[in-house]
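Novice: For reference, the file start36.txt (compact mmCIF, C-alpha atoms) is included below:
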```txt
# COMPACT_ATOMS: atom_id res chain seq x y z
CA MET U 12 24.58 -53.01 2.40
CA ASP U 13 22.46 -51.08 4.89
CA GLU U 14 22.60 -47.39 3.89
CA LYS U 15 20.74 -44.90 6.02
CA PRO U 16 18.90 -42.16 4.09
CA GLU U 17 20.43 -38.68 4.28
CA ARG U 18 18.69 -36.46 6.75
CA VAL U 19 18.64 -32.70 7.03
CA VAL U 20 19.93 -31.59 10.40
CA LEU U 21 18.70 -28.12 11.33
CA THR U 22 21.04 -25.64 12.91
CA GLU U 23 19.97 -23.89 16.14
CA GLU U 24 19.19 -20.72 14.16
CA GLN U 25 17.00 -22.67 11.71
CA LYS U 26 15.19 -24.36 14.60
CA ARG U 27 14.58 -21.00 16.30
CA SER U 28 13.28 -19.45 13.06
CA ARG U 29 11.00 -22.43 12.39
CA ARG U 30 9.61 -22.31 15.93
CA ALA U 31 8.93 -18.55 15.66
CA ARG U 32 7.18 -19.04 12.29
CA SER U 33 5.08 -21.92 13.68
CA ILE U 34 3.99 -19.79 16.65
CA ALA U 35 3.09 -16.90 14.31
CA ILE U 36 0.97 -19.21 12.11
CA ALA U 37 -0.76 -20.66 15.21
CA LEU U 38 -1.53 -17.17 16.52
CA ALA U 39 -2.89 -16.06 13.13
CA LEU U 40 -5.18 -19.09 12.94
CA GLY U 41 -6.28 -18.50 16.56
CA VAL U 42 -7.14 -14.87 15.76
CA LEU U 43 -9.14 -16.03 12.73
CA VAL U 44 -11.16 -18.51 14.84
CA ILE U 45 -11.85 -15.89 17.54
CA LEU U 46 -12.79 -13.33 14.86
CA PHE U 47 -15.35 -15.67 13.27
CA TYR U 48 -16.74 -16.53 16.73
CA ILE U 49 -17.15 -12.88 17.81
CA VAL U 50 -18.63 -11.76 14.48
CA THR U 51 -21.12 -14.64 14.69
CA LEU U 52 -22.17 -13.41 18.16
CA VAL U 53 -22.38 -9.79 16.95
CA LYS U 54 -24.45 -10.59 13.87
CA GLY U 55 -26.65 -13.18 15.51
CA PRO U 56 -29.06 -14.90 13.09
CA ALA U 57 -28.23 -12.23 10.51
CA VAL U 58 -24.88 -13.95 10.00
CA LEU U 59 -26.65 -16.15 7.44
CA ASN U 60 -27.96 -13.11 5.56
CA ARG U 61 -25.40 -12.10 2.94
CA PRO U 62 -26.74 -9.44 0.58
CA LEU U 63 -24.33 -7.99 -1.94
CA MET O 27 25.49 -8.31 -19.48
CA SER O 28 23.10 -5.72 -18.11
CA LEU O 29 23.04 -4.73 -14.49
CA VAL O 30 19.46 -5.91 -14.24
CA SER O 31 20.31 -9.40 -15.44
CA GLU O 32 23.37 -9.44 -13.14
CA GLY O 33 21.12 -8.51 -10.27
CA ALA O 34 18.59 -11.11 -11.34
CA GLU O 35 21.32 -13.77 -11.43
CA LEU O 36 22.57 -12.69 -8.03
CA ALA O 37 19.07 -12.81 -6.58
CA GLY O 38 18.47 -16.10 -8.40
CA SER O 39 21.60 -17.76 -7.01
CA ARG O 40 20.81 -16.53 -3.51
CA ALA O 41 17.25 -17.74 -3.90
CA ALA O 42 18.48 -21.11 -5.21
CA SER O 43 20.77 -21.58 -2.21
CA ALA O 44 17.90 -20.52 0.05
CA ARG O 45 15.75 -23.23 -1.55
CA LEU O 46 18.36 -25.93 -0.94
CA GLU O 47 18.73 -25.12 2.73
CA PRO O 48 15.97 -25.02 5.33
CA SER O 49 14.63 -21.50 5.70
CA ILE O 50 16.07 -19.09 8.26
CA ALA O 51 13.38 -16.49 7.52
CA SER O 52 12.18 -14.81 10.68
CA VAL O 53 8.64 -13.61 11.35
CA GLY O 54 10.04 -10.10 10.86
CA ASP O 55 11.10 -10.99 7.31
CA TYR O 56 7.54 -11.99 6.45
CA VAL O 57 6.23 -8.79 8.06
CA ALA O 58 8.75 -6.77 5.99
CA LEU O 59 7.44 -8.47 2.82
CA MET O 60 4.02 -6.98 3.60
CA LYS O 61 5.38 -3.39 3.37
CA PRO O 62 4.06 -2.26 6.79
CA ARG O 63 4.53 1.49 6.07
CA VAL O 64 2.37 1.27 2.95
CA MET O 65 -0.13 -0.81 4.94
CA SER O 66 -0.42 1.92 7.58
CA LEU O 67 -1.40 4.54 4.94
CA VAL O 68 -3.86 2.09 3.37
CA VAL O 69 -5.46 1.34 6.75
CA PHE O 70 -5.72 5.04 7.58
CA THR O 71 -7.42 6.03 4.30
CA ALA O 72 -9.72 2.98 4.54
CA LEU O 73 -10.60 3.97 8.12
CA VAL O 74 -11.62 7.42 6.89
CA GLY O 75 -13.82 5.91 4.17
CA LEU O 76 -15.38 3.60 6.75
CA MET O 77 -15.98 6.32 9.35
CA ILE O 78 -17.42 9.06 7.12
CA ALA O 79 -19.86 6.66 5.46
CA PRO O 80 -23.52 7.18 6.42
CA GLY O 81 -25.07 4.85 8.98
CA HIS O 82 -23.56 3.01 11.89
CA VAL O 83 -21.00 0.21 11.63
CA HIS O 84 -20.55 -2.15 14.57
CA PRO O 85 -16.98 -1.70 15.88
CA VAL O 86 -16.26 -5.44 15.49
CA ILE O 87 -17.37 -5.37 11.84
CA GLY O 88 -15.38 -2.19 11.26
CA PHE O 89 -12.29 -3.75 12.84
CA THR O 90 -12.72 -6.89 10.73
CA ALA O 91 -12.99 -4.80 7.56
CA LEU O 92 -9.82 -2.84 8.38
CA LEU O 93 -7.94 -6.04 9.28
CA CYS O 94 -8.89 -7.62 5.95
CA ILE O 95 -7.98 -4.46 4.00
CA ALA O 96 -4.61 -4.33 5.83
CA VAL O 97 -3.89 -8.00 5.09
CA GLY O 98 -5.02 -7.56 1.45
CA ALA O 99 -2.65 -4.59 1.08
CA GLY O 100 0.08 -6.70 2.69
CA ALA O 101 -0.60 -9.50 0.21
CA ALA O 102 -0.21 -7.06 -2.68
CA GLY O 103 3.10 -5.90 -1.19
CA VAL O 104 4.35 -9.49 -0.83
CA LEU O 105 3.43 -10.38 -4.42
CA ASN O 106 5.07 -7.13 -5.61
CA MET O 107 8.32 -8.09 -3.85
CA TRP O 108 8.08 -11.62 -5.24
CA TYR O 109 7.86 -10.34 -8.83
CA ASP O 110 10.35 -7.49 -8.39
CA GLY O 111 13.08 -9.54 -6.66
CA ASP O 112 15.43 -8.98 -9.62
CA ILE O 113 15.17 -5.18 -9.74
CA ASP O 114 15.04 -4.87 -5.93
CA ALA O 115 18.52 -6.48 -5.87
CA VAL O 116 20.07 -3.67 -7.93
CA MET O 117 18.37 -0.70 -6.24
CA THR O 118 20.03 0.74 -3.12
CA ARG O 119 16.65 1.53 -1.55
CA THR O 120 15.37 -2.05 -1.89
CA ALA O 121 18.51 -4.25 -1.87
CA GLY O 122 18.02 -5.02 1.84
CA ARG O 123 14.59 -6.60 1.31
CA PRO O 124 14.18 -10.26 2.36
CA ILE O 125 14.11 -11.76 -1.18
CA PRO O 126 17.25 -10.05 -2.62
CA GLN O 127 18.99 -10.82 0.67
CA GLY O 128 18.13 -14.52 0.22
CA ARG O 129 16.34 -14.78 3.56
CA VAL O 130 13.01 -15.65 1.90
CA ALA O 131 12.85 -17.77 -1.28
CA PRO O 132 10.68 -16.32 -4.11
CA GLY O 133 8.44 -19.39 -4.03
CA GLU O 134 7.80 -18.92 -0.32
CA ALA O 135 6.88 -15.27 -0.92
CA LEU O 136 4.53 -16.24 -3.77
CA ALA O 137 2.77 -18.81 -1.58
CA PHE O 138 2.60 -16.39 1.38
CA GLY O 139 1.16 -13.56 -0.75
CA THR O 140 -1.38 -15.79 -2.48
CA VAL O 141 -2.63 -17.24 0.82
CA LEU O 142 -2.91 -13.77 2.39
CA ALA O 143 -4.79 -12.41 -0.66
CA GLY O 144 -7.21 -15.35 -0.66
CA PHE O 145 -7.89 -15.16 3.08
CA SER O 146 -8.29 -11.36 3.19
CA VAL O 147 -10.80 -11.31 0.30
CA GLY O 148 -12.67 -14.41 1.54
CA VAL O 149 -12.97 -13.24 5.15
CA LEU O 150 -14.00 -9.70 4.09
CA GLY O 151 -16.73 -11.18 1.89
CA LEU O 152 -17.97 -13.70 4.45
CA LEU O 153 -17.96 -11.39 7.47
CA VAL O 154 -18.48 -7.88 6.08
CA SER O 155 -19.54 -7.31 2.45
CA TRP O 156 -18.99 -8.99 -0.91
CA VAL O 157 -18.89 -5.60 -2.68
CA ALA O 158 -15.99 -4.56 -0.44
CA ALA O 159 -14.37 -7.98 -0.98
CA ALA O 160 -14.68 -7.65 -4.77
CA LEU O 161 -13.10 -4.18 -4.62
CA LEU O 162 -10.26 -5.53 -2.44
CA ALA O 163 -9.67 -8.41 -4.88
CA PHE O 164 -9.60 -5.96 -7.79
CA THR O 165 -7.16 -3.70 -5.90
CA VAL O 166 -4.74 -6.58 -5.26
CA PHE O 167 -5.07 -7.67 -8.92
CA PHE O 168 -4.51 -4.11 -10.15
CA TYR O 169 -1.41 -3.57 -8.00
CA VAL O 170 0.18 -6.93 -8.75
CA VAL O 171 -0.77 -7.61 -12.36
CA VAL O 172 -1.52 -4.20 -13.92
CA TYR O 173 1.06 -2.11 -12.05
CA THR O 174 3.87 -4.49 -10.99
CA MET O 175 3.89 -6.97 -13.88
CA TRP O 176 2.84 -4.69 -16.73
CA LEU O 177 3.16 -0.91 -16.25
CA LYS O 178 6.12 -0.58 -13.90
CA ARG O 179 8.69 -1.85 -16.40
CA SER O 180 7.05 -0.59 -19.59
CA THR O 181 5.92 3.06 -19.30
CA PRO O 182 6.77 6.29 -17.45
CA GLN O 183 3.03 6.56 -16.75
CA ASN O 184 3.43 3.52 -14.45
CA ILE O 185 2.71 5.31 -11.19
CA VAL O 186 0.00 7.52 -12.73
CA ILE O 187 -2.21 4.57 -13.75
CA GLY O 188 -0.87 2.26 -11.04
CA GLY O 189 -1.69 4.94 -8.48
CA ALA O 190 -5.31 3.80 -8.74
CA ALA O 191 -4.39 0.77 -6.63
CA GLY O 192 -3.44 3.04 -3.73
CA ALA O 193 -6.59 5.11 -4.22
CA PHE O 194 -9.07 2.25 -3.78
CA PRO O 195 -8.81 1.68 0.04
CA PRO O 196 -11.14 4.57 1.06
CA MET O 197 -13.70 3.17 -1.42
CA ILE O 198 -13.31 -0.29 0.10
CA GLY O 199 -13.82 1.19 3.59
CA TRP O 200 -16.97 3.00 2.40
CA ALA O 201 -18.27 -0.17 0.70
CA ALA O 202 -17.61 -2.16 3.89
CA ALA O 203 -19.81 0.30 5.80
CA THR O 204 -22.62 0.79 3.29
CA GLY O 205 -22.47 -2.20 0.95
CA GLY O 206 -22.14 0.12 -2.07
CA ILE O 207 -20.36 3.10 -3.62
CA SER O 208 -21.40 6.75 -4.09
CA ILE O 209 -19.89 10.13 -5.03
CA GLU O 210 -18.04 10.79 -1.73
CA PRO O 211 -15.68 7.78 -1.85
CA CYS O 212 -15.06 8.52 -5.54
CA LEU O 213 -13.82 11.99 -4.50
CA LEU O 214 -11.49 10.37 -1.96
CA PHE O 215 -10.28 8.07 -4.75
CA LEU O 216 -9.54 11.09 -6.97
CA ILE O 217 -7.62 12.88 -4.20
CA VAL O 218 -5.25 9.90 -3.70
CA PHE O 219 -5.09 9.32 -7.47
CA PHE O 220 -3.94 12.88 -8.29
CA TRP O 221 -1.72 13.00 -5.19
CA THR O 222 0.29 9.92 -6.25
CA PRO O 223 2.26 11.35 -9.26
CA PRO O 224 3.74 14.41 -7.51
CA HIS O 225 4.48 12.25 -4.45
CA PHE O 226 6.34 9.48 -6.31
CA TRP O 227 7.96 11.70 -8.93
CA ALA O 228 9.44 13.86 -6.14
CA LEU O 229 10.95 10.64 -4.72
CA SER O 230 12.12 9.47 -8.14
CA LEU O 231 13.89 12.82 -8.71
CA ILE O 232 15.96 12.03 -5.60
CA ARG O 233 16.48 8.37 -6.62
CA THR O 234 16.90 8.79 -10.39
CA ASP O 235 20.22 6.87 -10.48
CA ASP O 236 18.66 3.97 -8.58
CA TYR O 237 15.76 3.69 -11.04
CA ALA O 238 18.08 4.09 -14.05
CA ARG O 239 20.33 1.28 -12.76
CA ALA O 240 17.29 -0.99 -12.43
CA ARG O 241 16.08 0.09 -15.93
CA ILE O 242 12.71 1.19 -14.56
CA PRO O 243 11.28 3.83 -16.94
CA MET O 244 10.37 6.37 -14.28
CA LEU O 245 9.63 9.83 -15.71
CA PRO O 246 12.97 11.46 -14.67
CA VAL O 247 14.86 8.54 -16.29
CA VAL O 248 12.91 8.66 -19.56
CA ALA O 249 11.95 12.33 -19.98
CA GLY O 250 14.52 14.02 -17.74
CA PRO O 251 14.23 15.98 -14.48
CA ASP O 252 12.95 19.21 -16.05
CA GLU O 253 9.95 17.52 -17.69
CA THR O 254 9.30 15.67 -14.41
CA ARG O 255 9.27 18.97 -12.50
CA ARG O 256 6.85 20.44 -15.07
CA GLN O 257 4.48 17.47 -14.73
CA ILE O 258 4.72 17.55 -10.92
CA LEU O 259 3.60 21.19 -11.07
CA LEU O 260 0.68 20.35 -13.40
CA TYR O 261 -0.52 17.55 -11.11
CA ALA O 262 -0.14 19.81 -8.05
CA PHE O 263 -2.36 22.41 -9.79
CA VAL O 264 -4.98 19.72 -10.49
CA LEU O 265 -4.68 18.26 -6.99
CA ALA O 266 -5.46 21.55 -5.22
CA PRO O 267 -9.09 21.88 -6.49
CA VAL O 268 -9.63 18.09 -6.37
CA GLY O 269 -8.52 18.14 -2.71
CA ALA O 270 -11.06 20.89 -1.99
CA ALA O 271 -13.85 19.15 -3.96
CA PRO O 272 -15.47 17.39 -0.94
CA TRP O 273 -16.04 20.84 0.58
CA LEU O 274 -16.98 22.52 -2.73
CA LEU O 275 -19.63 19.83 -3.36
CA GLY O 276 -20.96 20.04 0.18
CA TYR O 277 -19.73 16.71 1.49
CA ALA O 278 -17.29 18.22 4.01
CA GLY O 279 -17.37 21.18 6.39
CA ALA O 280 -15.65 24.57 6.46
CA ILE O 281 -12.65 23.32 8.48
CA TYR O 282 -11.93 20.80 5.76
CA GLY O 283 -12.41 23.45 3.06
CA VAL O 284 -9.93 25.88 4.64
CA THR O 285 -7.43 23.07 5.32
CA ALA O 286 -7.68 21.67 1.79
CA ILE O 287 -7.22 25.11 0.16
CA ALA O 288 -4.26 25.99 2.40
CA ALA O 289 -2.59 22.58 1.99
CA GLY O 290 -3.28 22.52 -1.78
CA GLY O 291 -1.77 26.01 -2.08
CA ALA O 292 1.31 24.94 -0.10
CA MET O 293 1.71 21.84 -2.27
CA ALA O 294 1.45 23.92 -5.46
CA GLY O 295 3.92 26.44 -3.97
CA LEU O 296 6.47 23.70 -3.22
CA ALA O 297 5.96 22.27 -6.72
CA TRP O 298 6.52 25.75 -8.19
CA ARG O 299 9.77 26.08 -6.21
CA LEU O 300 10.85 22.62 -7.37
CA ARG O 301 10.19 23.73 -10.95
CA ASN O 302 12.54 26.71 -10.52
CA GLU O 303 15.28 25.01 -8.44
CA ARG O 304 16.95 22.86 -11.08
CA ASP O 305 20.54 22.30 -9.99
CA GLY O 306 22.60 21.09 -7.08
CA ALA O 307 21.73 20.64 -3.44
CA ARG O 308 18.90 23.20 -3.54
CA ALA O 309 17.10 21.19 -6.23
CA GLU O 310 17.46 17.99 -4.20
CA ARG O 311 16.25 19.75 -1.06
CA ALA O 312 13.21 21.11 -2.93
CA ALA O 313 12.33 17.56 -4.07
CA GLN O 314 12.79 16.19 -0.53
CA GLN O 315 10.58 18.93 0.90
CA LEU O 316 7.83 18.30 -1.64
CA PHE O 317 8.01 14.53 -0.98
CA ALA O 318 7.81 15.04 2.80
CA PHE O 319 5.01 17.61 2.52
CA SER O 320 2.98 15.39 0.19
CA ILE O 321 2.78 12.75 2.96
CA LEU O 322 1.66 15.41 5.44
CA TYR O 323 -0.85 16.77 2.87
CA LEU O 324 -2.67 13.47 2.48
CA PHE O 325 -2.57 12.70 6.19
CA VAL O 326 -3.94 16.12 7.21
CA LEU O 327 -6.78 16.13 4.64
CA PHE O 328 -7.96 12.65 5.61
CA ALA O 329 -7.49 13.36 9.33
CA VAL O 330 -9.72 16.46 9.09
CA LEU O 331 -12.35 14.44 7.19
CA LEU O 332 -12.14 11.81 9.94
CA VAL O 333 -12.58 14.39 12.71
CA GLU O 334 -15.34 16.33 10.91
CA GLY O 335 -17.34 13.43 9.56
CA GLY O 336 -16.46 10.21 11.31
CA LEU O 337 -15.78 11.29 14.88
CA GLY O 338 -18.49 13.97 14.65
CA SER O 339 -21.13 11.36 13.83
CA LEU O 340 -19.70 9.04 16.51
CA VAL O 341 -20.14 11.79 19.12
CA GLY O 342 -23.64 12.41 17.74
CA HIS O 343 -24.53 8.71 18.15
CA ALA O 344 -23.15 8.70 21.71
CA ALA O 345 -25.02 11.92 22.60
CA ARG O 346 -28.33 10.57 21.23
CA ALA O 347 -27.77 7.32 23.15
CA LEU O 348 -27.17 9.27 26.39
CA TRP O 349 -30.25 11.51 25.98
```
If you took the structure in this file and wrote it as structure tokens, what would it be?
Specialist:
Amino acid sequence: MDEKPERVVLTEEQKRSRRARSIAIALALGVLVILFYIVTLVKGPAVLNRPL
Amino acid sequence: MSLVSEGAELAGSRAASARLEPSIASVGDYVALMKPRVMSLVVFTALVGLMIAPGHVHPVIGFTALLCIAVGAGAAGVLNMWYDGDIDAVMTRTAGRPIPQGRVAPGEALAFGTVLAGFSVGVLGLLVSWVAAALLAFTVFFYVVVYTMWLKRSTPQNIVIGGAAGAFPPMIGWAAATGGISIEPCLLFLIVFFWTPPHFWALSLIRTDDYARARIPMLPVVAGPDETRRQILLYAFVLAPVGAAPWLLGYAGAIYGVTAIAAGGAMAGLAWRLRNERDGARAERAAQQLFAFSILYLFVLFAVLLVEGGLGSLVGHAARALW
């Protein structure tokens, strides 16, 4: 017998929520990358100097 | 069966159903978990610590420090809501939060809070200062483990000792700017520390039934409203000179001194009135007024410090650059 595995079918609301959360995570990661880039430019070579 | 365990079961069943179904949590639910109103106060006091510190901080580094402190405070809020999901469900003030409502599963909140805490401390250390990062890590630990998990449910001194968590941000801001700690940020710490009991006890006088239903041993629940009013007055009397200490010790100017004395006097006056108004609507209004004024008190004192110290030195830097 050829039984297909059960699959979760998302409702429209669940799809909308997931899309919004994915965009928020992407934006947060983007901000983090830009932040590291700008701070590296601001600090210059001193970026490697990390005194306590 | 106690109301707390009923609430815990209710939250548990909602959480279980939320786990079985794909999440419908919105971005707003995750923002709400971070307690944005608490975050705004944390960012403001940290900004003051950062700005009044000696020396010059590059605006990008300053912004990075504040962002990390805000996210770290948010992480502490998320982990607090994760642990307190059961009591949040039985308190009117907190029943609408995402976890008791079943919109965010406790496991999701735990993962979210842990990731935020790790990133905020790591980024603050890598980009700004490891001293500031260590203080931020300790603050998150203190709020989540010492206050939320231990003190909150076990002693009426919960918000007295736990108040230290809310008092650390100006120290973190100072450490981000200077790489260390000195007397001035310790004074800011003491101001927030002694401000916390009268602020939260005024709120708990208004919400006594809520706290009693959740079995949280807040002072009015355990010792009664009269003892709470007496202790509010004592803390207000201690807060007044502590608030003026930056001026008395020469770290702040005359404008701050006059403001701190006037605001400290007003706070003590409201606490005195609360002590004498013990029944009915007048007693509740006195507690509401003290609670509202306490927020203004902290904001005004830190705002004057910011204007006197931080913005003053910023104008000085700009003037020297122009000449």
Novice: Please report as a list in words which residues of chain O come no farther than 8 Å from chain U, using all atoms listed in the file.
Specialist: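 My answer is Pro48, Ser49, Ile50, Ala51, Ser52, Val53, Val86, Ile87, Thr90, Leu152, Leu153, Ser155, Trp156, Val157 and Gly205 of chain O.
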Novice: Hey, could you pull the box centre and edge lengths for region 25-43 of chain U, axis-aligned, 8 Å padding per side, all listed atoms, to one decimal in Å, as AutoDock Vina command-line options?
Specialist:
```
--center_x 3.9 --center_y -19.6 --center_z 14.2 --size_x 42.1 --size_y 25.5 --size_z 20.9
```
Novice: Which value, in Å to one decimal, gives the distance between CA of Val57 (chain O) and CA of Val104 (chain O)?
Specialist: 9.1 Å
Novice: Skipping near chain neighbours, those fewer than 2 positions away, what residues fall within 6 Å of region 265-276 of chain O using all atoms listed in the file, listed as an mmCIF file with C-alpha atoms, keeping the file's coordinate frame?
Specialist:
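Final output, out.cif:
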```
data_model
loop_
_atom_site.group_PDB
_atom_site.id
_atom_site.type_symbol
_atom_site.label_atom_id
_atom_site.label_comp_id
_atom_site.auth_asym_id
_atom_site.auth_seq_id
_atom_site.Cartn_x
_atom_site.Cartn_y
_atom_site.Cartn_z
ATOM 1 C CA ILE O 217 -7.620 12.880 -4.200
ATOM 2 C CA PHE O 220 -3.940 12.880 -8.290
ATOM 3 C CA TYR O 261 -0.520 17.550 -11.110
ATOM 4 C CA ALA O 262 -0.140 19.810 -8.050
ATOM 5 C CA PHE O 263 -2.360 22.410 -9.790
ATOM 6 C CA ALA O 278 -17.290 18.220 4.010
ATOM 7 C CA GLY O 279 -17.370 21.180 6.390
ATOM 8 C CA GLY O 283 -12.410 23.450 3.060
ATOM 9 C CA ALA O 286 -7.680 21.670 1.790
ATOM 10 C CA GLY O 290 -3.280 22.520 -1.780
#
```
Novice: Calculate how many Å separate CA of Ala292 (chain O) from CA of Leu331 (chain O), rounding to one decimal.
Specialist: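 We find that CA of Ala292 (chain O) and CA of Leu331 (chain O) lie 18.7 Å from each other.
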Novice: Taking (10.2, 8.4, -14.0) as a centre in this file's frame and 7 Å as the limit, can you find every polymer residue with an atom that close, using all atoms listed in the file, and give them as a list in words?
Specialist: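 All residues meeting the 7 Å criterion around (10.2, 8.4, -14.0) are Pro182, Trp227, Ser230, Pro243, Met244, Leu245, Pro246, Val247 and Val248 of chain O.
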Novice: Out of U:Tyr48, U:Ala57, U:Lys15, U:Ala39, which residue has the shortest atom-to-atom distance to Leu93 (chain O) when counting only C-alpha atoms?
Specialist: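 Distance minimum relative to Leu93 (chain O) lands on U:Ala39.
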Novice: For a test of reading the model, state the distance in Å between CA of Ala91 (chain O) and CA of Val170 (chain O), rounded to one decimal.
Specialist: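 So the two atoms, CA of Ala91 (chain O) and CA of Val170 (chain O), lie 21.1 Å apart.
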Novice: Which residues are near Met197 (chain O)? Cut-off 8 Å, all atoms listed in the file, ignore same chain within fewer than 3 positions. Put them as a short mmCIF file (atom, residue, chain, number, x, y, z; two decimals) with C-alpha atoms, keeping the file's coordinate frame.
Specialist:
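In the end it all went to result.cif:
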```cif
data_model
loop_
_atom_site.label_atom_id
_atom_site.label_comp_id
_atom_site.auth_asym_id
_atom_site.auth_seq_id
_atom_site.Cartn_x
_atom_site.Cartn_y
_atom_site.Cartn_z
CA ALA O 72 -9.72 2.98 4.54
CA GLY O 75 -13.82 5.91 4.17
CA ALA O 193 -6.59 5.11 -4.22
CA PHE O 194 -9.07 2.25 -3.78
CA TRP O 200 -16.97 3.00 2.40
CA ALA O 201 -18.27 -0.17 0.70
CA ILE O 207 -20.36 3.10 -3.62
CA PRO O 211 -15.68 7.78 -1.85
CA CYS O 212 -15.06 8.52 -5.54
CA LEU O 214 -11.49 10.37 -1.96
CA PHE O 215 -10.28 8.07 -4.75
#
```
